[in-house]
Each structure stands twice: as C-alpha cells, then as structure tokens.
file entry24.cif (mmCIF, N, CA and C atoms)
data_run
#
loop_
_atom_site.group_PDB
_atom_site.id
_atom_site.type_symbol
_atom_site.label_atom_id
_atom_site.label_comp_id
_atom_site.auth_asym_id
_atom_site.auth_seq_id
_atom_site.Cartn_x
_atom_site.Cartn_y
_atom_site.Cartn_z
ATOM 1 N N MET A 1 44.935 -43.747 111.734
ATOM 2 C CA MET A 1 45.136 -44.542 112.920
ATOM 3 C C MET A 1 44.337 -43.917 114.063
ATOM 4 N N THR A 2 43.637 -44.734 114.822
ATOM 5 C CA THR A 2 42.859 -44.227 115.944
ATOM 6 C C THR A 2 43.642 -44.357 117.237
ATOM 7 N N ASN A 3 43.282 -43.529 118.179
ATOM 8 C CA ASN A 3 43.920 -43.568 119.492
ATOM 9 C C ASN A 3 43.380 -44.766 120.260
ATOM 10 N N ALA A 4 44.261 -45.661 120.663
ATOM 11 C CA ALA A 4 43.843 -46.846 121.407
ATOM 12 C C ALA A 4 43.758 -46.566 122.900
ATOM 13 N N GLY A 5 44.053 -45.334 123.297
ATOM 14 C CA GLY A 5 44.027 -44.974 124.709
ATOM 15 C C GLY A 5 42.610 -44.870 125.242
ATOM 16 N N PRO A 6 42.502 -44.663 126.531
ATOM 17 C CA PRO A 6 41.189 -44.588 127.157
ATOM 18 C C PRO A 6 40.406 -43.362 126.699
ATOM 19 N N ASP A 7 39.109 -43.508 126.631
ATOM 20 C CA ASP A 7 38.200 -42.441 126.247
ATOM 21 C C ASP A 7 37.998 -41.506 127.443
ATOM 22 N N LEU A 8 38.182 -40.203 127.253
ATOM 23 C CA LEU A 8 38.086 -39.233 128.339
ATOM 24 C C LEU A 8 36.710 -39.277 129.005
ATOM 25 N N THR A 9 35.658 -39.372 128.222
ATOM 26 C CA THR A 9 34.308 -39.418 128.784
ATOM 27 C C THR A 9 34.129 -40.627 129.693
ATOM 28 N N LYS A 10 34.652 -41.772 129.270
ATOM 29 C CA LYS A 10 34.557 -42.983 130.087
ATOM 30 C C LYS A 10 35.360 -42.827 131.381
ATOM 31 N N LEU A 11 36.552 -42.252 131.296
ATOM 32 C CA LEU A 11 37.371 -42.029 132.489
ATOM 33 C C LEU A 11 36.685 -41.066 133.457
ATOM 34 N N GLU A 12 36.063 -40.027 132.920
ATOM 35 C CA GLU A 12 35.351 -39.082 133.781
ATOM 36 C C GLU A 12 34.196 -39.777 134.498
ATOM 37 N N ARG A 13 33.471 -40.633 133.784
ATOM 38 C CA ARG A 13 32.363 -41.373 134.413
ATOM 39 C C ARG A 13 32.898 -42.286 135.510
ATOM 40 N N GLN A 14 34.011 -42.962 135.245
ATOM 41 C CA GLN A 14 34.604 -43.844 136.248
ATOM 42 C C GLN A 14 35.074 -43.053 137.469
ATOM 43 N N LEU A 15 35.569 -41.844 137.257
ATOM 44 C CA LEU A 15 35.999 -41.001 138.366
ATOM 45 C C LEU A 15 34.806 -40.620 139.243
ATOM 46 N N VAL A 16 33.705 -40.246 138.621
ATOM 47 C CA VAL A 16 32.486 -39.920 139.372
ATOM 48 C C VAL A 16 32.030 -41.133 140.184
ATOM 49 N N ILE A 17 32.061 -42.306 139.579
ATOM 50 C CA ILE A 17 31.681 -43.532 140.294
ATOM 51 C C ILE A 17 32.606 -43.765 141.483
ATOM 52 N N ALA A 18 33.899 -43.544 141.300
ATOM 53 C CA ALA A 18 34.855 -43.721 142.402
ATOM 54 C C ALA A 18 34.535 -42.772 143.553
ATOM 55 N N TYR A 19 34.236 -41.506 143.243
ATOM 56 C CA TYR A 19 33.861 -40.556 144.293
ATOM 57 C C TYR A 19 32.631 -41.057 145.051
ATOM 58 N N ARG A 20 31.638 -41.538 144.319
ATOM 59 C CA ARG A 20 30.403 -42.009 144.953
ATOM 60 C C ARG A 20 30.640 -43.240 145.822
ATOM 61 N N ILE A 21 31.498 -44.144 145.365
ATOM 62 C CA ILE A 21 31.832 -45.335 146.163
ATOM 63 C C ILE A 21 32.519 -44.915 147.459
ATOM 64 N N PHE A 22 33.492 -44.016 147.362
ATOM 65 C CA PHE A 22 34.184 -43.542 148.567
ATOM 66 C C PHE A 22 33.193 -42.902 149.534
ATOM 67 N N ALA A 23 32.268 -42.092 149.010
ATOM 68 C CA ALA A 23 31.272 -41.437 149.863
ATOM 69 C C ALA A 23 30.358 -42.468 150.523
ATOM 70 N N ALA A 24 29.929 -43.466 149.769
ATOM 71 C CA ALA A 24 29.026 -44.492 150.303
ATOM 72 C C ALA A 24 29.663 -45.286 151.434
ATOM 73 N N HIS A 25 30.973 -45.409 151.405
ATOM 74 C CA HIS A 25 31.691 -46.160 152.440
ATOM 75 C C HIS A 25 32.243 -45.249 153.539
ATOM 76 N N GLY A 26 31.887 -43.964 153.489
ATOM 77 C CA GLY A 26 32.303 -43.029 154.526
ATOM 78 C C GLY A 26 33.766 -42.645 154.487
ATOM 79 N N VAL A 27 34.418 -42.891 153.367
ATOM 80 C CA VAL A 27 35.843 -42.581 153.240
ATOM 81 C C VAL A 27 36.060 -41.099 152.930
ATOM 82 N N MET A 28 35.104 -40.471 152.262
ATOM 83 C CA MET A 28 35.290 -39.100 151.795
ATOM 84 C C MET A 28 33.950 -38.381 151.790
ATOM 85 N N ASP A 29 33.972 -37.102 152.182
ATOM 86 C CA ASP A 29 32.791 -36.272 152.008
ATOM 87 C C ASP A 29 33.166 -35.116 151.081
ATOM 88 N N ILE A 30 33.583 -33.970 151.633
ATOM 89 C CA ILE A 30 34.065 -32.875 150.782
ATOM 90 C C ILE A 30 35.588 -32.848 150.763
ATOM 91 N N GLU A 31 36.210 -33.219 151.861
ATOM 92 C CA GLU A 31 37.669 -33.192 151.952
ATOM 93 C C GLU A 31 38.289 -34.353 151.181
ATOM 94 N N GLY A 32 39.445 -34.106 150.580
ATOM 95 C CA GLY A 32 40.155 -35.136 149.827
ATOM 96 C C GLY A 32 39.780 -35.103 148.353
ATOM 97 N N HIS A 33 40.504 -35.876 147.575
ATOM 98 C CA HIS A 33 40.186 -35.940 146.152
ATOM 99 C C HIS A 33 40.677 -37.252 145.552
ATOM 100 N N ILE A 34 40.114 -37.565 144.417
ATOM 101 C CA ILE A 34 40.545 -38.666 143.566
ATOM 102 C C ILE A 34 40.821 -38.014 142.217
ATOM 103 N N SER A 35 41.853 -38.441 141.530
ATOM 104 C CA SER A 35 42.174 -37.825 140.245
ATOM 105 C C SER A 35 42.763 -38.856 139.292
ATOM 106 N N PHE A 36 42.863 -38.461 138.020
ATOM 107 C CA PHE A 36 43.586 -39.260 137.032
ATOM 108 C C PHE A 36 44.320 -38.320 136.092
ATOM 109 N N ARG A 37 45.392 -38.818 135.510
ATOM 110 C CA ARG A 37 46.134 -38.041 134.507
ATOM 111 C C ARG A 37 45.328 -38.027 133.213
ATOM 112 N N HIS A 38 45.311 -36.886 132.570
ATOM 113 C CA HIS A 38 44.585 -36.746 131.304
ATOM 114 C C HIS A 38 45.226 -37.668 130.272
ATOM 115 N N PRO A 39 44.429 -38.465 129.550
ATOM 116 C CA PRO A 39 45.010 -39.430 128.611
ATOM 117 C C PRO A 39 45.748 -38.799 127.432
ATOM 118 N N ASP A 40 45.426 -37.553 127.093
ATOM 119 C CA ASP A 40 46.082 -36.896 125.961
ATOM 120 C C ASP A 40 47.255 -36.011 126.372
ATOM 121 N N ASP A 41 47.374 -35.716 127.668
ATOM 122 C CA ASP A 41 48.448 -34.841 128.144
ATOM 123 C C ASP A 41 48.779 -35.201 129.591
ATOM 124 N N PRO A 42 49.866 -35.925 129.814
ATOM 125 C CA PRO A 42 50.201 -36.359 131.173
ATOM 126 C C PRO A 42 50.561 -35.214 132.126
ATOM 127 N N GLU A 43 50.672 -33.990 131.610
ATOM 128 C CA GLU A 43 50.921 -32.832 132.469
ATOM 129 C C GLU A 43 49.625 -32.270 133.048
ATOM 130 N N LEU A 44 48.498 -32.862 132.671
ATOM 131 C CA LEU A 44 47.198 -32.430 133.177
ATOM 132 C C LEU A 44 46.581 -33.546 134.006
ATOM 133 N N MET A 45 45.769 -33.165 134.987
ATOM 134 C CA MET A 45 45.018 -34.160 135.738
ATOM 135 C C MET A 45 43.568 -33.706 135.831
ATOM 136 N N VAL A 46 42.688 -34.667 136.011
ATOM 137 C CA VAL A 46 41.259 -34.404 136.128
ATOM 138 C C VAL A 46 40.837 -34.810 137.528
ATOM 139 N N MET A 47 40.111 -33.931 138.208
ATOM 140 C CA MET A 47 39.642 -34.215 139.560
ATOM 141 C C MET A 47 38.369 -33.422 139.824
ATOM 142 N N GLY A 48 37.685 -33.752 140.892
ATOM 143 C CA GLY A 48 36.462 -33.048 141.248
ATOM 144 C C GLY A 48 36.743 -31.727 141.939
ATOM 145 N N ARG A 49 35.879 -30.770 141.680
ATOM 146 C CA ARG A 49 35.986 -29.499 142.402
ATOM 147 C C ARG A 49 35.428 -29.690 143.805
ATOM 148 N N HIS A 50 35.447 -28.679 144.619
ATOM 149 C CA HIS A 50 35.025 -28.752 146.020
ATOM 150 C C HIS A 50 33.509 -28.983 146.082
ATOM 151 N N THR A 51 33.120 -30.245 145.901
ATOM 152 C CA THR A 51 31.723 -30.666 145.872
ATOM 153 C C THR A 51 31.606 -31.926 146.711
ATOM 154 N N PRO A 52 30.513 -32.116 147.444
ATOM 155 C CA PRO A 52 30.375 -33.367 148.200
ATOM 156 C C PRO A 52 30.517 -34.587 147.287
ATOM 157 N N ALA A 53 31.316 -35.541 147.714
ATOM 158 C CA ALA A 53 31.606 -36.723 146.896
ATOM 159 C C ALA A 53 30.341 -37.492 146.531
ATOM 160 N N ALA A 54 29.350 -37.490 147.404
ATOM 161 C CA ALA A 54 28.119 -38.248 147.155
ATOM 162 C C ALA A 54 27.268 -37.646 146.047
ATOM 163 N N THR A 55 27.489 -36.376 145.721
ATOM 164 C CA THR A 55 26.649 -35.714 144.720
ATOM 165 C C THR A 55 27.421 -35.242 143.493
ATOM 166 N N ILE A 56 28.700 -35.557 143.408
ATOM 167 C CA ILE A 56 29.522 -35.074 142.299
ATOM 168 C C ILE A 56 29.039 -35.651 140.964
ATOM 169 N N THR A 57 29.131 -34.850 139.912
ATOM 170 C CA THR A 57 28.795 -35.287 138.555
ATOM 171 C C THR A 57 29.953 -34.919 137.630
ATOM 172 N N GLU A 58 29.862 -35.342 136.390
ATOM 173 C CA GLU A 58 30.892 -35.007 135.415
ATOM 174 C C GLU A 58 31.046 -33.493 135.263
ATOM 175 N N ALA A 59 29.962 -32.749 135.442
ATOM 176 C CA ALA A 59 30.013 -31.288 135.322
ATOM 177 C C ALA A 59 30.856 -30.654 136.428
ATOM 178 N N ASP A 60 31.098 -31.383 137.515
ATOM 179 C CA ASP A 60 31.883 -30.877 138.641
ATOM 180 C C ASP A 60 33.371 -31.166 138.509
ATOM 181 N N LEU A 61 33.797 -31.786 137.432
ATOM 182 C CA LEU A 61 35.201 -32.146 137.266
ATOM 183 C C LEU A 61 35.997 -30.993 136.670
ATOM 184 N N LEU A 62 37.227 -30.859 137.115
ATOM 185 C CA LEU A 62 38.146 -29.831 136.624
ATOM 186 C C LEU A 62 39.348 -30.489 135.972
ATOM 187 N N THR A 63 39.910 -29.829 134.976
ATOM 188 C CA THR A 63 41.185 -30.236 134.397
ATOM 189 C C THR A 63 42.223 -29.230 134.863
ATOM 190 N N LEU A 64 43.249 -29.730 135.559
ATOM 191 C CA LEU A 64 44.279 -28.866 136.139
ATOM 192 C C LEU A 64 45.649 -29.238 135.615
ATOM 193 N N ASN A 65 46.542 -28.227 135.575
ATOM 194 C CA ASN A 65 47.936 -28.539 135.281
ATOM 195 C C ASN A 65 48.630 -28.872 136.601
ATOM 196 N N MET A 66 49.890 -29.199 136.558
ATOM 197 C CA MET A 66 50.604 -29.625 137.755
ATOM 198 C C MET A 66 50.873 -28.482 138.741
ATOM 199 N N LYS A 67 50.571 -27.247 138.323
ATOM 200 C CA LYS A 67 50.688 -26.100 139.231
ATOM 201 C C LYS A 67 49.364 -25.829 139.946
ATOM 202 N N GLY A 68 48.336 -26.602 139.607
ATOM 203 C CA GLY A 68 47.030 -26.410 140.225
ATOM 204 C C GLY A 68 46.157 -25.396 139.515
ATOM 205 N N GLU A 69 46.580 -24.963 138.326
ATOM 206 C CA GLU A 69 45.794 -24.007 137.540
ATOM 207 C C GLU A 69 44.825 -24.791 136.665
ATOM 208 N N TRP A 70 43.557 -24.383 136.654
ATOM 209 C CA TRP A 70 42.581 -25.116 135.862
ATOM 210 C C TRP A 70 42.175 -24.352 134.624
ATOM 211 N N SER A 71 41.622 -25.135 133.691
ATOM 212 C CA SER A 71 41.162 -24.539 132.433
ATOM 213 C C SER A 71 39.694 -24.817 132.238
#

call {"tool": "encode", "arguments": {"input": "entry24.cif", "output": "structure tokens"}}
result
Amino acid sequence: MTNAGPDLTKLERQLVIAYRIFAAHGVMDIEGHISFRHPDDPELMVMGRHTPAATITEADLLTLNMKGEWS
C-alpha cells in the first residue's frame, strides 16, 4: 500500500513559493515565518531558516520539533 499523503518534496516547493509570494507583496522580508506540519510526523514542522523570503530555497528549510529543536 502506498502513502496517499502529500509528497514532502512537493510541500517544500510549495512552501518556498509561499515565501516568495509573501516577499513579492511586501508582507515578509526576514522577519516572520510560514510553516507546515511534516506529513509523516505531526510533531514536526518544516519552515525556513533566517533567510530573506525573496531568496529562500528548499536548501534553506529546517525540520523542527515542537520545542524548536531542529534536525
């Protein structure tokens, strides 16, 4: 049986696009964040590290637990 849930790579790409949209509309620069819960573990979230929203890439994303510790 395959996982019918969202693909992590696709979610990460969508997150990067969201950061870029916010930056293009002047909603966010470096301050603030957008995140999503990890599809395989709801105790983890994925968000961008302290990088300008207009230039963020998938390589700038962090996976954190609910205590703010990243892996």

call {"tool": "atom_distance", "arguments": {"input": "entry24.cif", "atom1": "atom C of Asp29 in chain A", "atom2": "atom C of Ile17 in chain A"}}
result
12.9 Å

call {"tool": "resolve_selection", "arguments": {"input": "entry24.cif", "expression": "the PyMOL selection byres (((chain A and resi 63 and name CA) around 8) and name CA)", "output": "PyMOL selection string"}}
result
chain A and resi 38+44-47+61-62+64-65+70-71

call {"tool": "resolve_selection", "arguments": {"input": "entry24.cif", "expression": "the PyMOL selection byres ((chain A and resi 19) around 8)", "output": "list in words"}}
result
Arg13, Gln14, Leu15, Val16, Ile17, Ala18, Arg20, Ile21, Phe22, Ala23, Ala24, His25, Met28, His33, Ile34, Pro52, Ala53, Ala54, Thr55 and Ile56 of chain A

call {"tool": "atom_distance", "arguments": {"input": "entry24.cif", "atom1": "CA of Glu69 in chain A", "atom2": "atom N of Val27 in chain A"}}
result
27.1 Å

call {"tool": "select_by_dssp", "arguments": {"input": "entry24.cif", "residues": "chain A", "states": "strand (DSSP E or B)", "output": "JSON, numbers by chain"}}
result
{"A": [35, 36, 37, 38, 41, 42, 43, 44, 45, 46, 47, 48, 61, 62, 63, 64, 65, 70]}

call {"tool": "closest_residue", "arguments": {"input": "entry24.cif", "among": "A:Pro42, A:Gly48, A:Gly26, A:Gly32", "to": "Asp60 in chain A", "atoms": "all atoms listed in the file"}}
result
A:Gly48

call {"tool": "atom_distance", "arguments": {"input": "entry24.cif", "atom1": "CA of Glu58 in chain A", "atom2": "CA of Leu8 in chain A"}}
result
10.9 Å

call {"tool": "axis_aligned_box", "arguments": {"input": "entry24.cif", "around": "range 25-28 of chain A", "padding_each_side": "4 Å", "output": "AutoDock Vina command-line options"}}
result
--center_x 33.5 --center_y -42.3 --center_z 153.0 --size_x 13.1 --size_y 15.8 --size_z 11.1

call {"tool": "closest_residue", "arguments": {"input": "entry24.cif", "among": "A:Ser35, A:Glu12, A:Asp41, A:Ile30", "to": "Thr57 in chain A", "atoms": "all atoms listed in the file"}}
result
A:Glu12

call {"tool": "closest_residue", "arguments": {"input": "entry24.cif", "among": "A:Glu31, A:Gly68, A:Leu11, A:Arg37", "to": "Thr51 in chain A", "atoms": "only N, CA and C atoms"}}
result
A:Glu31

call {"tool": "decode", "arguments": {"input": "entry24.cif", "residues": "range 25-70 of chain A", "atoms": "N, CA and C atoms", "output": "short mmCIF file (atom, residue, chain, number, x, y, z; two decimals), in the first residue's frame"}}
result
data_model
loop_
_atom_site.label_atom_id
_atom_site.label_comp_id
_atom_site.auth_asym_id
_atom_site.auth_seq_id
_atom_site.Cartn_x
_atom_site.Cartn_y
_atom_site.Cartn_z
N HIS A 25 4.87 40.66 -2.30
CA HIS A 25 3.78 41.56 -1.91
C HIS A 25 4.14 42.41 -0.69
N GLY A 26 5.40 42.34 -0.26
CA GLY A 26 5.87 43.16 0.85
C GLY A 26 5.36 42.74 2.21
N VAL A 27 4.86 41.53 2.31
CA VAL A 27 4.32 41.04 3.58
C VAL A 27 5.43 40.56 4.51
N MET A 28 6.53 40.08 3.95
CA MET A 28 7.58 39.47 4.75
C MET A 28 8.93 39.72 4.10
N ASP A 29 9.94 39.98 4.93
CA ASP A 29 11.31 40.02 4.42
C ASP A 29 12.10 38.93 5.15
N ILE A 30 12.77 39.26 6.25
CA ILE A 30 13.45 38.23 7.04
C ILE A 30 12.61 37.85 8.26
N GLU A 31 11.89 38.80 8.81
CA GLU A 31 11.08 38.54 10.00
C GLU A 31 9.82 37.75 9.64
N GLY A 32 9.41 36.87 10.55
CA GLY A 32 8.21 36.07 10.35
C GLY A 32 8.54 34.73 9.71
N HIS A 33 7.54 33.87 9.66
CA HIS A 33 7.76 32.58 9.03
C HIS A 33 6.44 31.99 8.53
N ILE A 34 6.58 31.06 7.63
CA ILE A 34 5.48 30.23 7.14
C ILE A 34 5.95 28.80 7.40
N SER A 35 5.06 27.93 7.81
CA SER A 35 5.46 26.56 8.10
C SER A 35 4.34 25.58 7.75
N PHE A 36 4.69 24.30 7.74
CA PHE A 36 3.69 23.24 7.62
C PHE A 36 4.10 22.07 8.50
N ARG A 37 3.12 21.30 8.92
CA ARG A 37 3.41 20.09 9.70
C ARG A 37 3.96 19.02 8.76
N HIS A 38 4.95 18.31 9.23
CA HIS A 38 5.55 17.24 8.43
C HIS A 38 4.50 16.17 8.17
N PRO A 39 4.34 15.73 6.91
CA PRO A 39 3.28 14.77 6.60
C PRO A 39 3.45 13.40 7.25
N ASP A 40 4.68 13.04 7.62
CA ASP A 40 4.92 11.73 8.23
C ASP A 40 4.96 11.77 9.75
N ASP A 41 5.05 12.97 10.33
CA ASP A 41 5.13 13.10 11.78
C ASP A 41 4.56 14.46 12.20
N PRO A 42 3.33 14.48 12.70
CA PRO A 42 2.70 15.75 13.05
C PRO A 42 3.37 16.49 14.21
N GLU A 43 4.35 15.86 14.86
CA GLU A 43 5.11 16.53 15.92
C GLU A 43 6.26 17.35 15.36
N LEU A 44 6.44 17.30 14.04
CA LEU A 44 7.50 18.06 13.38
C LEU A 44 6.88 19.10 12.47
N MET A 45 7.59 20.21 12.28
CA MET A 45 7.15 21.20 11.31
C MET A 45 8.34 21.59 10.44
N VAL A 46 8.04 22.06 9.25
CA VAL A 46 9.05 22.49 8.30
C VAL A 46 8.87 23.98 8.08
N MET A 47 9.96 24.73 8.16
CA MET A 47 9.91 26.17 7.96
C MET A 47 11.26 26.66 7.47
N GLY A 48 11.31 27.88 7.00
CA GLY A 48 12.56 28.45 6.52
C GLY A 48 13.44 28.94 7.65
N ARG A 49 14.73 28.81 7.45
CA ARG A 49 15.67 29.37 8.42
C ARG A 49 15.74 30.88 8.22
N HIS A 50 16.51 31.57 9.00
CA HIS A 50 16.60 33.03 8.96
C HIS A 50 17.27 33.47 7.65
N THR A 51 16.46 33.50 6.59
CA THR A 51 16.91 33.84 5.24
C THR A 51 15.89 34.79 4.65
N PRO A 52 16.30 35.77 3.85
CA PRO A 52 15.30 36.65 3.22
C PRO A 52 14.28 35.84 2.43
N ALA A 53 13.02 36.14 2.63
CA ALA A 53 11.93 35.39 1.99
C ALA A 53 12.04 35.40 0.47
N ALA A 54 12.55 36.48 -0.10
CA ALA A 54 12.64 36.59 -1.56
C ALA A 54 13.68 35.67 -2.16
N THR A 55 14.62 35.19 -1.35
CA THR A 55 15.71 34.36 -1.89
C THR A 55 15.73 32.95 -1.31
N ILE A 56 14.76 32.59 -0.50
CA ILE A 56 14.76 31.29 0.15
C ILE A 56 14.64 30.16 -0.88
N THR A 57 15.31 29.05 -0.61
CA THR A 57 15.23 27.85 -1.45
C THR A 57 14.94 26.65 -0.56
N GLU A 58 14.72 25.51 -1.17
CA GLU A 58 14.47 24.29 -0.40
C GLU A 58 15.64 23.98 0.53
N ALA A 59 16.85 24.34 0.14
CA ALA A 59 18.03 24.08 0.97
C ALA A 59 18.01 24.90 2.27
N ASP A 60 17.20 25.96 2.31
CA ASP A 60 17.10 26.82 3.49
C ASP A 60 16.03 26.37 4.47
N LEU A 61 15.35 25.28 4.20
CA LEU A 61 14.27 24.82 5.06
C LEU A 61 14.80 23.95 6.19
N LEU A 62 14.19 24.08 7.35
CA LEU A 62 14.54 23.30 8.53
C LEU A 62 13.36 22.44 8.95
N THR A 63 13.65 21.29 9.53
CA THR A 63 12.63 20.46 10.16
C THR A 63 12.84 20.58 11.66
N LEU A 64 11.80 21.06 12.36
CA LEU A 64 11.89 21.30 13.80
C LEU A 64 10.84 20.50 14.55
N ASN A 65 11.17 20.16 15.81
CA ASN A 65 10.15 19.58 16.67
C ASN A 65 9.40 20.72 17.35
N MET A 66 8.41 20.41 18.15
CA MET A 66 7.58 21.44 18.76
C MET A 66 8.31 22.23 19.86
N LYS A 67 9.52 21.79 20.22
CA LYS A 67 10.34 22.54 21.17
C LYS A 67 11.27 23.52 20.46
N GLY A 68 11.24 23.50 19.13
CA GLY A 68 12.09 24.39 18.35
C GLY A 68 13.47 23.82 18.06
N GLU A 69 13.66 22.53 18.35
CA GLU A 69 14.94 21.87 18.08
C GLU A 69 14.90 21.32 16.66
N TRP A 70 15.95 21.57 15.88
CA TRP A 70 15.95 21.10 14.51
C TRP A 70 16.89 19.93 14.31
#
